[in-house]
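Structure data follow from final32.csv (CSV, C-alpha atoms):
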```
chain,number,residue,atom,x,y,z
A,781,MET,CA,-21.6,9.9,-2.8
A,782,GLN,CA,-18.0,9.9,-1.5
A,783,MET,CA,-15.8,12.9,-2.1
A,784,ILE,CA,-12.1,13.3,-1.6
A,785,TRP,CA,-10.7,16.4,-0.1
A,786,CYS,CA,-7.0,17.5,-0.1
A,787,LEU,CA,-5.8,20.4,2.0
A,788,LEU,CA,-2.3,21.8,1.6
A,789,ALA,CA,-0.6,24.3,3.9
A,790,PRO,CA,2.9,25.6,4.5
A,791,SER,CA,2.8,25.2,8.3
A,792,TRP,CA,1.1,23.3,11.1
A,793,ALA,CA,-0.8,26.3,12.3
A,794,ALA,CA,-2.0,27.1,8.8
A,795,MET,CA,-3.1,23.5,8.3
A,796,GLN,CA,-5.0,23.5,11.7
A,797,GLN,CA,-6.7,26.7,10.5
A,798,LEU,CA,-7.7,25.1,7.2
A,799,VAL,CA,-9.0,22.0,9.0
A,800,ASN,CA,-11.1,24.3,11.3
A,801,VAL,CA,-12.6,26.1,8.3
A,802,PHE,CA,-13.3,22.8,6.6
A,803,HIS,CA,-15.0,21.4,9.7
A,804,SER,CA,-17.2,24.5,10.0
A,805,SER,CA,-18.1,24.3,6.3
A,806,THR,CA,-19.1,20.7,6.4
A,807,HIS,CA,-22.2,21.7,8.5
A,808,ASP,CA,-23.1,24.4,5.9
A,809,ILE,CA,-23.0,22.1,2.9
A,810,ASP,CA,-24.4,19.0,4.7
A,811,VAL,CA,-21.3,16.9,4.4
A,812,THR,CA,-19.8,14.5,7.0
A,813,CYS,CA,-16.2,13.7,7.4
A,814,ASN,CA,-15.0,10.1,8.2
A,815,VAL,CA,-12.2,10.8,10.7
A,816,THR,CA,-11.0,7.2,10.6
A,817,LYS,CA,-10.1,7.6,6.9
A,818,THR,CA,-8.7,11.1,7.3
A,819,VAL,CA,-4.9,11.4,7.5
A,820,CYS,CA,-2.2,14.0,7.4
A,821,MET,CA,1.2,13.8,5.8
A,822,VAL,CA,4.2,16.1,6.2
A,823,PHE,CA,6.4,16.4,3.1
A,824,ASN,CA,10.1,16.7,4.0
A,825,PRO,CA,12.0,19.5,2.2
A,826,LEU,CA,14.6,18.5,-0.3
A,827,CYS,CA,17.2,20.4,1.7
A,828,ARG,CA,17.4,18.8,5.2
A,829,ARG,CA,18.7,22.1,6.7
A,830,LYS,CA,15.4,23.8,6.0
A,831,SER,CA,13.5,21.3,8.1
A,832,VAL,CA,11.7,23.0,10.9
A,833,ALA,CA,10.7,20.0,13.1
A,834,ASN,CA,10.6,16.3,12.9
A,835,SER,CA,7.3,15.8,14.8
A,836,PHE,CA,4.2,17.9,15.1
A,837,PRO,CA,1.2,17.8,17.4
A,838,LEU,CA,-1.9,16.0,16.1
A,839,LEU,CA,-4.3,18.1,14.1
A,840,LYS,CA,-7.8,18.3,15.6
A,841,LEU,CA,-11.0,17.9,13.5
A,842,GLY,CA,-13.9,18.7,15.7
A,843,SER,CA,-13.4,16.5,18.7
A,844,SER,CA,-11.2,13.9,17.0
A,845,TYR,CA,-7.6,13.8,16.1
A,846,ILE,CA,-6.0,13.3,12.7
A,847,HIS,CA,-3.0,11.0,12.6
A,848,PHE,CA,0.1,11.5,10.6
A,849,VAL,CA,1.2,8.9,8.1
A,850,HIS,CA,4.4,8.4,6.1
A,851,CYS,CA,2.7,6.6,3.2
A,852,PHE,CA,-0.8,7.0,1.7
A,853,LYS,CA,-2.7,5.5,-1.2
A,854,HIS,CA,-4.7,8.2,-3.1
A,855,LEU,CA,-6.7,7.2,-6.1
A,856,GLY,CA,-4.5,4.1,-6.6
A,857,HIS,CA,-1.3,6.1,-6.5
A,858,ILE,CA,1.1,5.6,-3.5
A,859,ILE,CA,2.2,8.9,-2.1
A,860,THR,CA,5.1,9.0,0.4
A,861,ASP,CA,6.4,11.8,2.6
A,862,ASN,CA,9.8,11.8,0.8
A,863,ALA,CA,8.0,12.5,-2.5
A,864,ARG,CA,9.6,9.5,-4.3
A,865,ASP,CA,7.8,7.1,-6.5
A,866,ASP,CA,9.7,3.9,-5.7
A,867,ASP,CA,6.9,2.5,-3.6
A,868,ASP,CA,4.3,3.1,-6.4
A,869,ILE,CA,6.6,1.5,-9.0
A,870,LYS,CA,6.9,-1.6,-6.7
A,871,ARG,CA,3.1,-1.7,-6.4
A,872,GLU,CA,2.9,-1.6,-10.2
A,873,VAL,CA,5.4,-4.5,-10.5
A,874,ARG,CA,3.2,-6.6,-8.1
A,875,ASN,CA,0.1,-5.7,-10.0
A,876,LEU,CA,1.8,-6.7,-13.3
A,877,PHE,CA,2.6,-10.1,-11.9
A,878,VAL,CA,-0.9,-10.6,-10.4
A,879,ARG,CA,-2.6,-9.7,-13.7
A,880,THR,CA,-0.2,-11.9,-15.7
A,881,ASN,CA,-0.7,-14.9,-13.5
A,882,VAL,CA,-4.5,-14.5,-13.6
A,883,PHE,CA,-4.4,-14.4,-17.4
A,884,ILE,CA,-2.0,-17.4,-17.6
A,885,ARG,CA,-4.6,-19.5,-15.7
A,886,LYS,CA,-7.6,-18.3,-17.5
A,887,PHE,CA,-6.4,-17.7,-21.1
A,888,HIS,CA,-3.5,-20.1,-21.7
A,889,LEU,CA,-5.4,-21.9,-24.5
A,890,CYS,CA,-6.2,-18.7,-26.5
A,891,SER,CA,-4.5,-17.9,-29.8
A,892,ARG,CA,-1.4,-15.6,-29.9
A,893,VAL,CA,-3.5,-12.7,-31.3
A,894,VAL,CA,-6.0,-12.9,-28.4
A,895,LYS,CA,-3.1,-13.1,-25.9
A,896,ILE,CA,-1.4,-10.1,-27.4
A,897,THR,CA,-4.7,-8.1,-27.2
A,898,LEU,CA,-5.2,-9.2,-23.6
A,899,PHE,CA,-1.7,-8.4,-22.6
A,900,LYS,CA,-1.8,-4.9,-24.1
A,901,SER,CA,-5.2,-4.2,-22.6
A,902,TYR,CA,-5.0,-5.5,-19.1
A,903,CYS,CA,-1.4,-6.2,-18.1
A,904,LEU,CA,0.0,-2.9,-19.4
A,905,CYS,CA,-2.7,-0.7,-17.9
A,906,MET,CA,-0.4,1.7,-16.0
A,907,TYR,CA,-2.4,4.8,-15.8
A,908,ASP,CA,-0.4,6.6,-13.2
A,909,VAL,CA,3.1,6.2,-14.8
A,910,GLY,CA,2.9,9.8,-16.0
A,911,LEU,CA,3.0,10.9,-12.4
A,912,TRP,CA,6.4,9.2,-11.7
A,913,SER,CA,9.1,11.8,-11.6
A,914,VAL,CA,11.5,11.0,-8.7
A,915,TYR,CA,12.7,7.3,-8.4
A,916,ASN,CA,15.7,5.1,-8.3
A,917,TYR,CA,17.1,3.7,-11.5
A,918,GLY,CA,17.1,0.3,-9.9
A,919,THR,CA,13.4,0.4,-9.2
A,920,LEU,CA,12.6,1.3,-12.8
A,921,SER,CA,14.9,-1.5,-13.9
A,922,MET,CA,12.8,-3.9,-11.7
A,923,LEU,CA,9.7,-2.8,-13.6
A,924,LYS,CA,11.4,-3.4,-16.9
A,925,SER,CA,12.6,-6.8,-15.8
A,926,ALA,CA,9.2,-7.8,-14.5
A,927,TYR,CA,7.6,-6.7,-17.8
A,928,HIS,CA,10.0,-9.0,-19.8
A,929,LYS,CA,9.5,-11.8,-17.4
A,930,CYS,CA,5.7,-11.5,-17.6
A,931,ILE,CA,5.9,-11.6,-21.4
A,932,LYS,CA,7.9,-14.8,-21.3
A,933,LEU,CA,5.5,-16.4,-18.8
A,934,PHE,CA,2.4,-15.4,-20.6
A,935,PHE,CA,3.5,-16.5,-24.1
A,936,GLY,CA,5.3,-19.6,-22.8
A,937,PHE,CA,8.9,-18.6,-23.8
A,938,ALA,CA,12.0,-20.1,-22.2
A,939,ARG,CA,13.8,-18.0,-19.5
A,940,HIS,CA,16.8,-17.5,-21.6
A,941,PHE,CA,14.7,-16.1,-24.5
A,942,SER,CA,15.4,-12.4,-25.3
A,943,VAL,CA,12.2,-10.4,-25.7
A,944,THR,CA,14.0,-7.3,-27.0
A,945,GLN,CA,16.2,-9.0,-29.7
A,946,ASN,CA,14.0,-11.6,-31.2
A,947,ASP,CA,10.9,-10.7,-33.3
A,948,THR,CA,9.5,-14.2,-33.3
A,949,VAL,CA,6.9,-13.2,-30.8
A,950,GLY,CA,5.1,-11.0,-33.2
A,951,VAL,CA,4.4,-8.5,-30.4
A,952,ARG,CA,5.0,-4.9,-30.9
A,953,PHE,CA,4.1,-2.8,-27.9
A,954,THR,CA,5.5,0.5,-29.0
```
Go ahead and render the structure in this file as structure tokens.
Amino acid sequence: MQMIWCLLAPSWAAMQQLVNVFHSSTHDIDVTCNVTKTVCMVFNPLCRRKSVANSFPLLKLGSSYIHFVHCFKHLGHIITDNARDDDDIKREVRNLFVRTNVFIRKFHLCSRVVKITLFKSYCLCMYDVGLWSVYNYGTLSMLKSAYHKCIKLFFGFARHFSVTQNDTVGVRFT
């Protein structure tokens, strides 16, 4: 069984101490740590003047070193060191287009009712949107635009068709 561990510390020294405790505890509970999948991320403070350092020495886990990253995917959610959700929103836009294109190829002959059910169930499965808190307005507009474009593609409407003003689709997503 694979387990995910997340350690948080206010300083490099405190993190190294936590890593040492974690490493000694792995032997006691009979757990191994895959160092190639283990990474460290430093979150920058909101106020740049409070930044202590821009680079830190590598943390050591046993005889191996843990590398620092600026971006990491954890349980499907992209986490960045600037604590912004723009990269995760862009990932969701890509996934929306991928899922829509797959359904266009596989289910283009289905009835409108079936297409609506498929679109609601699979194209709109955005489980981590509740985690988005800090993002650019333009990035969120990109998601909204992609959503409208995918509806038009999936249901075969013209590009100039307004999804928000016309009710001829019969699709109510709210």
Legend entry - For Ala926 (chain A), the nearest of the candidates A:Lys870, A:Arg892, A:His940, A:Arg864, counting all atoms listed in the file: A:Lys870
Inset, instruction - Compile the contact shell of Ser925 (chain A) as JSON, numbers by chain: residues with an atom at most 12 Å away, counting all atoms listed in the file, same-chain residues fewer than 2 positions apart removed. - result: {"A": [870, 873, 876, 877, 918, 919, 920, 921, 922, 923, 927, 928, 929, 930, 931, 932, 939, 942, 943, 944]}
Legend entry - For Lys853 (chain A), the nearest of the candidates A:Val819, A:Leu898, A:Val893, A:Ile884, counting only C-alpha atoms: A:Val819
Hey, could you make a per-residue contact list for region 836-921 of chain A against region 783-802 of chain A with 12 Å as the cut-off, showing the nearest pair of atoms and its distance in Å to one decimal, counting all atoms listed in the file, sorted by chain and number, as CSV?
```
residue,atom,partner,partner_atom,distance
A:Phe836,CA,A:Trp792,CA,7.4
A:Pro837,CA,A:Trp792,CA,8.4
A:Leu838,CA,A:Gln796,CA,9.2
A:Leu839,CA,A:Gln796,CA,6.0
A:Lys840,CA,A:Gln796,CA,7.1
A:Leu841,CA,A:Val799,CA,6.4
A:Gly842,CA,A:Asn800,CA,7.7
A:Ser843,CA,A:Asn800,CA,11.0
A:Ser844,CA,A:Val799,CA,11.6
A:Tyr845,CA,A:Val799,CA,10.9
A:Ile846,CA,A:Val799,CA,9.9
A:Phe848,CA,A:Trp792,CA,11.9
A:His854,CA,A:Ile784,CA,9.1
A:Leu855,CA,A:Ile784,CA,9.3
```
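What separates CA of Tyr915 (chain A) from CA of Phe852 (chain A) is a distance of 16.9 Å.
With CA of Tyr907 (chain A) on one side and CA of Ile859 (chain A) on the other, the separation reads 15.0 Å.
Pairwise distance (CA of Asp868 (chain A), CA of Lys924 (chain A)) equals 14.2 Å.
Restricting the calculation to all atoms listed in the file, the smallest distance between Val894 (chain A) and any of A:Phe823, A:His803, A:Cys813, A:Phe934 is found for A:Phe934.
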Inset, instruction - Show me as a PyMOL selection string the residues that reach within 7 Å of (9.4, 15.8, -1.6), counting only C-alpha atoms and using the file's own coordinates. - result: chain A and resi 823-826+861-864
N, CA and C atoms modelled onto region 867-879 of chain A, as a PDB file, in the frame of the given file:
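Result went into result_2.pdb, see below:
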```
ATOM      1  N   ASP A 867       7.894   3.345  -4.171  1.00  0.00           N
ATOM      2  CA  ASP A 867       6.900   2.500  -3.600  1.00  0.00           C
ATOM      3  C   ASP A 867       5.728   2.250  -4.639  1.00  0.00           C
ATOM      4  N   ASP A 868       5.398   3.269  -5.402  1.00  0.00           N
ATOM      5  CA  ASP A 868       4.300   3.100  -6.400  1.00  0.00           C
ATOM      6  C   ASP A 868       4.800   2.258  -7.565  1.00  0.00           C
ATOM      7  N   ILE A 869       6.061   2.361  -7.938  1.00  0.00           N
ATOM      8  CA  ILE A 869       6.600   1.500  -9.000  1.00  0.00           C
ATOM      9  C   ILE A 869       6.591   0.045  -8.538  1.00  0.00           C
ATOM     10  N   LYS A 870       6.962  -0.200  -7.293  1.00  0.00           N
ATOM     11  CA  LYS A 870       6.900  -1.600  -6.700  1.00  0.00           C
ATOM     12  C   LYS A 870       5.510  -2.101  -6.707  1.00  0.00           C
ATOM     13  N   ARG A 871       4.533  -1.245  -6.399  1.00  0.00           N
ATOM     14  CA  ARG A 871       3.100  -1.700  -6.400  1.00  0.00           C
ATOM     15  C   ARG A 871       2.726  -2.067  -7.830  1.00  0.00           C
ATOM     16  N   GLU A 872       3.195  -1.304  -8.824  1.00  0.00           N
ATOM     17  CA  GLU A 872       2.900  -1.600 -10.200  1.00  0.00           C
ATOM     18  C   GLU A 872       3.516  -2.926 -10.659  1.00  0.00           C
ATOM     19  N   VAL A 873       4.712  -3.226 -10.157  1.00  0.00           N
ATOM     20  CA  VAL A 873       5.400  -4.500 -10.500  1.00  0.00           C
ATOM     21  C   VAL A 873       4.541  -5.655  -9.900  1.00  0.00           C
ATOM     22  N   ARG A 874       4.090  -5.519  -8.665  1.00  0.00           N
ATOM     23  CA  ARG A 874       3.200  -6.600  -8.100  1.00  0.00           C
ATOM     24  C   ARG A 874       1.958  -6.755  -8.860  1.00  0.00           C
ATOM     25  N   ASN A 875       1.329  -5.648  -9.249  1.00  0.00           N
ATOM     26  CA  ASN A 875       0.100  -5.700 -10.000  1.00  0.00           C
ATOM     27  C   ASN A 875       0.312  -6.391 -11.388  1.00  0.00           C
ATOM     28  N   LEU A 876       1.456  -6.105 -12.007  1.00  0.00           N
ATOM     29  CA  LEU A 876       1.800  -6.700 -13.300  1.00  0.00           C
ATOM     30  C   LEU A 876       1.873  -8.227 -13.175  1.00  0.00           C
ATOM     31  N   PHE A 877       2.536  -8.704 -12.131  1.00  0.00           N
ATOM     32  CA  PHE A 877       2.600 -10.100 -11.900  1.00  0.00           C
ATOM     33  C   PHE A 877       1.280 -10.774 -11.592  1.00  0.00           C
ATOM     34  N   VAL A 878       0.477 -10.092 -10.795  1.00  0.00           N
ATOM     35  CA  VAL A 878      -0.900 -10.600 -10.400  1.00  0.00           C
ATOM     36  C   VAL A 878      -1.717 -10.745 -11.686  1.00  0.00           C
ATOM     37  N   ARG A 879      -1.777  -9.676 -12.488  1.00  0.00           N
ATOM     38  CA  ARG A 879      -2.600  -9.700 -13.700  1.00  0.00           C
ATOM     39  C   ARG A 879      -2.105 -10.778 -14.681  1.00  0.00           C
TER      40      ARG A 879
END
```
